$ cat model13.cif   # mmCIF, C-alpha atoms
data_data
loop_
_atom_site.label_atom_id
_atom_site.label_comp_id
_atom_site.auth_asym_id
_atom_site.auth_seq_id
_atom_site.Cartn_x
_atom_site.Cartn_y
_atom_site.Cartn_z
CA MET D 1 66.21 113.19 71.29
CA ALA D 2 65.00 116.30 73.12
CA ARG D 3 65.96 119.57 71.54
CA PRO D 4 68.42 121.70 73.53
CA ARG D 5 66.87 124.72 75.18
CA LYS D 6 67.39 128.01 73.44
CA PHE D 7 66.96 130.11 76.56
CA ASP D 8 68.68 130.63 79.88
CA GLU D 9 66.49 129.12 82.59
CA SER D 10 67.54 131.54 85.33
CA THR D 11 66.67 134.51 83.11
CA VAL D 12 63.28 133.03 82.26
CA LEU D 13 62.53 132.26 85.90
CA LYS D 14 63.39 135.81 86.93
CA ALA D 15 61.17 137.31 84.23
CA ALA D 16 58.31 134.94 85.09
CA ARG D 17 58.68 135.74 88.76
CA GLN D 18 58.44 139.45 88.10
CA GLN D 19 55.28 138.91 86.04
CA PHE D 20 53.62 136.70 88.66
CA TRP D 21 54.75 139.07 91.41
CA ARG D 22 53.27 142.08 89.64
CA THR D 23 49.92 140.65 88.52
CA GLY D 24 49.36 137.59 90.70
CA TYR D 25 49.11 133.96 89.71
CA ALA D 26 45.44 133.87 88.69
CA ALA D 27 45.59 137.03 86.59
CA THR D 28 48.75 135.98 84.73
CA SER D 29 48.20 134.24 81.41
CA MET D 30 50.61 132.18 79.36
CA ALA D 31 50.51 135.00 76.81
CA ASP D 32 51.71 137.36 79.55
CA LEU D 33 54.51 134.97 80.43
CA CYS D 34 55.56 134.56 76.82
CA GLU D 35 55.78 138.32 76.46
CA ALA D 36 57.60 138.74 79.77
CA THR D 37 60.16 136.00 79.11
CA GLY D 38 60.49 136.35 75.35
CA VAL D 39 59.99 132.59 75.03
CA ALA D 40 57.29 130.90 72.95
CA SER D 41 54.53 129.05 74.76
CA GLN D 42 55.55 125.71 73.23
CA SER D 43 59.03 126.09 74.72
CA LEU D 44 57.66 127.12 78.12
CA TYR D 45 55.29 124.16 78.19
CA GLY D 46 58.12 121.87 77.10
CA ALA D 47 60.42 123.10 79.86
CA PHE D 48 57.98 123.58 82.74
CA GLY D 49 54.88 121.59 81.80
CA SER D 50 52.30 124.25 82.59
CA LYS D 51 51.77 127.74 83.95
CA HIS D 52 51.60 126.21 87.40
CA GLY D 53 54.85 124.35 86.84
CA LEU D 54 56.60 127.57 85.82
CA PHE D 55 55.14 129.40 88.81
CA VAL D 56 56.24 126.75 91.32
CA LYS D 57 59.71 126.60 89.78
CA SER D 58 60.03 130.39 89.95
CA LEU D 59 58.88 130.37 93.57
CA ARG D 60 61.29 127.63 94.62
CA ASP D 61 64.12 129.39 92.80
CA TYR D 62 63.30 132.64 94.62
CA CYS D 63 63.17 130.89 97.99
CA GLU D 64 66.50 129.20 97.39
CA GLN D 65 68.15 132.49 96.47
CA GLN D 66 66.75 134.27 99.49
CA VAL D 67 67.70 131.64 102.05
CA ASN D 68 71.15 131.15 100.56
CA GLY D 69 71.65 134.91 100.64
CA LEU D 70 70.63 135.08 104.28
CA GLN D 71 72.92 132.20 105.17
CA ALA D 72 75.96 133.70 103.45
CA ASP D 73 75.32 137.15 104.90
CA GLN D 74 74.91 135.74 108.41
CA GLU D 75 78.14 133.77 108.18
CA SER D 76 80.15 136.83 107.15
CA ALA D 77 78.63 139.26 109.69
CA GLU D 78 80.93 140.45 112.47
CA SER D 79 78.05 141.02 114.88
CA ALA D 80 75.37 138.34 114.85
CA TRP D 81 72.87 140.57 116.69
CA GLU D 82 73.34 143.54 114.39
CA TRP D 83 72.92 141.19 111.44
CA LEU D 84 69.69 139.81 112.91
CA MET D 85 68.24 143.32 113.29
CA ALA D 86 69.21 144.05 109.68
CA ALA D 87 67.68 140.79 108.48
CA VAL D 88 64.42 141.30 110.37
CA THR D 89 64.04 144.78 108.88
CA PHE D 90 65.18 143.67 105.41
CA GLY D 91 68.34 145.73 105.69
CA ASP D 92 70.66 142.79 105.06
CA SER D 93 72.57 142.57 101.80
CA GLY D 94 72.01 138.88 101.15
CA ARG D 95 68.46 139.01 99.76
CA LEU D 96 66.53 140.81 97.08
CA GLY D 97 65.31 144.11 98.48
CA LEU D 98 61.80 144.44 99.88
CA THR D 99 59.64 146.25 97.33
CA GLU D 100 56.19 147.79 97.74
CA ASP D 101 54.84 144.50 96.36
CA GLY D 102 56.19 142.75 99.43
CA CYS D 103 57.88 139.36 99.43
CA TYR D 104 57.21 136.97 96.56
CA LEU D 105 56.92 134.01 98.92
CA SER D 106 54.69 135.77 101.46
CA GLY D 107 52.34 137.03 98.78
CA SER D 108 52.17 133.63 97.12
CA ALA D 109 51.61 131.82 100.41
CA ALA D 110 48.88 134.22 101.50
CA ALA D 111 47.03 133.83 98.21
CA LEU D 112 47.56 130.15 97.42
CA ALA D 113 48.96 128.04 100.28
CA ARG D 114 45.56 126.84 101.49
CA GLN D 115 44.68 125.31 98.11
CA ASP D 116 48.09 124.62 96.60
CA ASP D 117 50.24 121.96 98.24
CA ASP D 118 53.33 122.99 96.27
CA VAL D 119 53.13 126.56 97.53
CA SER D 120 52.40 125.38 101.08
CA GLU D 121 55.41 123.06 101.00
CA ALA D 122 57.67 125.81 99.64
CA ALA D 123 56.54 128.19 102.39
CA ARG D 124 57.00 125.67 105.22
CA ARG D 125 60.41 124.59 103.99
CA THR D 126 61.62 128.15 103.51
CA TYR D 127 60.41 129.43 106.87
CA ASP D 128 61.96 126.41 108.58
CA ARG D 129 65.27 127.23 106.93
CA ILE D 130 65.03 130.90 107.90
CA ILE D 131 64.36 129.89 111.50
CA ALA D 132 67.46 127.69 111.35
CA VAL D 133 69.57 130.63 110.12
CA PHE D 134 68.14 132.87 112.84
CA THR D 135 68.82 130.16 115.43
CA THR D 136 72.47 129.99 114.43
CA ALA D 137 72.80 133.76 114.59
CA LEU D 138 71.12 133.89 117.99
CA GLN D 139 73.48 131.24 119.30
CA ARG D 140 76.41 133.30 118.05
CA ALA D 141 74.93 136.43 119.62
CA ARG D 142 74.47 134.68 122.97
CA ALA D 143 78.02 133.35 122.92
CA ALA D 144 79.29 136.87 122.21
CA GLY D 145 77.25 138.35 125.06
CA GLU D 146 75.09 140.39 122.68
CA ILE D 147 71.85 138.92 124.07
CA ARG D 148 70.85 137.65 127.49
CA SER D 149 72.33 134.32 128.51
CA ASP D 150 68.88 133.01 129.49
CA THR D 151 67.34 133.71 126.08
CA ASP D 152 65.15 130.87 124.79
CA ILE D 153 66.73 130.57 121.35
CA GLU D 154 63.86 128.66 119.75
CA LYS D 155 61.23 131.15 120.88
CA ALA D 156 63.43 134.09 119.95
CA ALA D 157 63.95 132.75 116.42
CA LEU D 158 60.19 132.36 115.96
CA SER D 159 59.61 135.87 117.33
CA LEU D 160 62.11 137.33 114.90
CA LEU D 161 60.45 135.54 111.99
CA ALA D 162 57.08 136.95 113.07
CA ALA D 163 58.56 140.44 113.34
CA MET D 164 60.10 140.14 109.89
CA GLN D 165 56.81 139.04 108.36
CA GLY D 166 55.00 141.90 110.07
CA ILE D 167 57.39 144.38 108.49
CA GLU D 168 56.86 142.71 105.11
CA PHE D 169 53.09 143.11 105.50
CA LEU D 170 53.41 146.79 106.39
CA ARG D 171 55.60 147.42 103.37
CA LYS D 172 52.97 146.21 100.94
CA SER D 173 50.04 147.77 102.85
CA GLY D 174 50.59 151.23 101.42
CA ILE D 175 52.00 152.75 104.61
CA ASP D 176 54.03 155.88 103.89
CA ASP D 177 57.82 155.78 104.05
CA ALA D 178 58.11 157.80 107.25
CA GLN D 179 55.72 155.51 109.12
CA PHE D 180 57.45 152.46 107.67
CA GLN D 181 60.82 153.63 108.94
CA GLU D 182 59.33 154.38 112.36
CA ALA D 183 57.80 150.90 112.45
CA LYS D 184 61.14 149.29 111.68
CA ALA D 185 62.88 151.35 114.36
CA GLY D 186 60.16 150.39 116.82
CA ILE D 187 60.60 146.70 116.06
CA VAL D 188 64.36 146.91 116.60
CA ASP D 189 63.87 148.78 119.88
CA THR D 190 61.24 146.35 121.17
CA VAL D 191 63.20 143.22 120.23
CA SER D 192 66.42 144.65 121.62
CA ARG D 193 64.70 145.38 124.94
CA ALA D 194 63.31 141.84 125.01
CA TYR D 195 66.52 139.97 124.24
CA GLY D 196 69.47 142.35 124.31
CA ALA D 197 72.09 142.03 127.03
CA ASP D 198 72.74 144.97 129.32
CA ARG D 199 75.67 146.82 127.79
CA ALA D 200 77.43 146.86 131.10
CA THR D 201 77.58 143.06 131.06
CA ARG D 202 79.00 142.70 127.56
CA GLY D 203 82.57 141.78 126.73
#

$ encode --input "model13.cif" --output "structure tokens"
Amino acid sequence: MARPRKFDESTVLKAARQQFWRTGYAATSMADLCEATGVASQSLYGAFGSKHGLFVKSLRDYCEQQVNGLQADQESAESAWEWLMAAVTFGDSGRLGLTEDGCYLSGSAAALARQDDDVSEAARRTYDRIIAVFTTALQRARAAGEIRSDTDIEKAALSLLAAMQGIEFLRKSGIDDAQFQEAKAGIVDTVSRAYGADRATRG
């Protein structure tokens, strides 16, 4: 009979994620993970199989949290368009905040997706789900007259994802805070001009 685990999986995944996020997958050793999680290597191997298994599990867990947070935040937002602008600029309250290390998924995908099928699959699935959340919000915004009635929802959702990823890249590029805030304001202005309804036609 397998021995019961003596650790909380969610706590271990969070600690492992922070270690991988900080030092990168290749530079992170099992010794680093044992120290970060406070769990012996034998227990980590028993629960996750390998360093790679722990990494993939931590990445999938992160993706699930982020998408679920976006979904819940979108559903409770009074204005779908205002929520979209907050989400694109990482100002929504549903996800983990955007740090100077960027997004855990984006960083992992950029470094590993070409040679790691598990990371590639996690990235594709997560971005597809984000596009679906954005699509729902855009449909709500169009119905409320917050964006133009002729907006191509599919293209708009893809554009918003691209804008969001661009902001994520800038955040981890070392750009100073003032420039970062200007970039976010510029994105909101540009996207609003592209899709926003004339205020005189609303409501």

$ atom_distance --input "model13.cif" --atom1 "atom CA of D:Ala157" --atom2 "atom CA of D:Arg129"
11.1 Å

$ closest_residue --input "model13.cif" --among "D:Glu9, D:Asp61, D:Asp73, D:Asp118" --to "D:Ser43" --atoms "all atoms listed in the file"
D:Glu9

$ resolve_selection --input "model13.cif" --expression "the PyMOL selection byres ((chain D and resi 86) around 12)" --output "PyMOL selection string"
chain D and resi 70+73-74+77+79-85+87-95+97+134+137+160+163-164+167+184-185+187-188

$ closest_residue --input "model13.cif" --among "D:Asp8, D:Asp128, D:Glu35, D:Asp117" --to "D:Cys63" --atoms "only C-alpha atoms"
D:Asp128

$ residues_around --input "model13.cif" --residues "D:Ala122" --least-positions-apart "2" --cutoff "8 Å" --atoms "only C-alpha atoms" --output "list in words"
Leu59, Arg60, Cys63, Asp118, Val119, Ser120, Arg124, Arg125 and Thr126 of chain D

$ closest_residue --input "model13.cif" --among "D:Tyr62, D:Gly53, D:Glu182, D:Ala40" --to "D:Ser10" --atoms "only C-alpha atoms"
D:Tyr62

$ axis_aligned_box --input "model13.cif" --around "stretch 189-193 of chain D" --padding-each-side "3 Å" --output "JSON"
{"center_x": 63.8, "center_y": 146.0, "center_z": 122.4, "size_x": 11.2, "size_y": 11.6, "size_z": 11.1}

$ atom_distance --input "model13.cif" --atom1 "atom CA of D:Arg142" --atom2 "atom CA of D:Leu98"
28.1 Å

$ resolve_selection --input "model13.cif" --expression "the PyMOL selection byres ((chain D and resi 155) around 12)" --output "list in words"
Ile131, Ala132, Phe134, Thr135, Leu138, Asp150, Thr151, Asp152, Ile153, Glu154, Ala156, Ala157, Leu158, Ser159, Leu160, Leu161, Ala162, Ala194 and Tyr195 of chain D

$ resolve_selection --input "model13.cif" --expression "the PyMOL selection byres ((chain D and resi 108) around 12)" --output "VMD selection string"
chain D and resid 17 20 to 26 55 to 56 58 to 60 62 to 63 101 to 107 109 to 123

$ decode --input "model13.cif" --residues "stretch 21-62 of chain D" --atoms "C-alpha atoms" --output "tab-separated table (two decimals), in the first residue's frame"
chain	number	residue	atom	x	y	z
D	21	TRP	CA	10.22	30.82	-12.30
D	22	ARG	CA	13.21	32.43	-10.60
D	23	THR	CA	16.04	30.27	-11.95
D	24	GLY	CA	14.61	28.58	-15.04
D	25	TYR	CA	14.01	24.91	-15.69
D	26	ALA	CA	17.52	23.93	-16.80
D	27	ALA	CA	19.30	25.70	-13.95
D	28	THR	CA	17.01	24.27	-11.26
D	29	SER	CA	18.25	21.10	-9.58
D	30	MET	CA	16.33	18.61	-7.48
D	31	ALA	CA	18.39	19.85	-4.53
D	32	ASP	CA	17.04	23.35	-5.20
D	33	LEU	CA	13.51	22.00	-5.32
D	34	CYS	CA	13.94	20.05	-2.11
D	35	GLU	CA	15.15	23.19	-0.37
D	36	ALA	CA	12.40	25.33	-1.87
D	37	THR	CA	9.58	22.92	-1.03
D	38	GLY	CA	10.93	21.48	2.20
D	39	VAL	CA	10.24	17.98	0.85
D	40	ALA	CA	12.82	15.21	0.49
D	41	SER	CA	13.82	14.14	-3.00
D	42	GLN	CA	12.46	10.62	-2.48
D	43	SER	CA	9.02	12.06	-1.73
D	44	LEU	CA	9.15	14.41	-4.72
D	45	TYR	CA	10.16	11.59	-7.04
D	46	GLY	CA	7.43	9.40	-5.57
D	47	ALA	CA	4.76	12.05	-6.10
D	48	PHE	CA	5.83	13.56	-9.42
D	49	GLY	CA	8.19	11.02	-11.00
D	50	SER	CA	10.95	13.42	-11.97
D	51	LYS	CA	12.02	17.05	-12.06
D	52	HIS	CA	10.25	17.34	-15.39
D	53	GLY	CA	7.09	15.82	-13.96
D	54	LEU	CA	7.09	18.35	-11.11
D	55	PHE	CA	7.73	21.19	-13.54
D	56	VAL	CA	4.89	20.21	-15.88
D	57	LYS	CA	2.51	19.74	-12.96
D	58	SER	CA	3.43	23.16	-11.57
D	59	LEU	CA	2.94	24.73	-14.99
D	60	ARG	CA	-0.45	23.12	-15.56
D	61	ASP	CA	-1.54	24.11	-12.06
D	62	TYR	CA	-0.50	27.71	-12.74
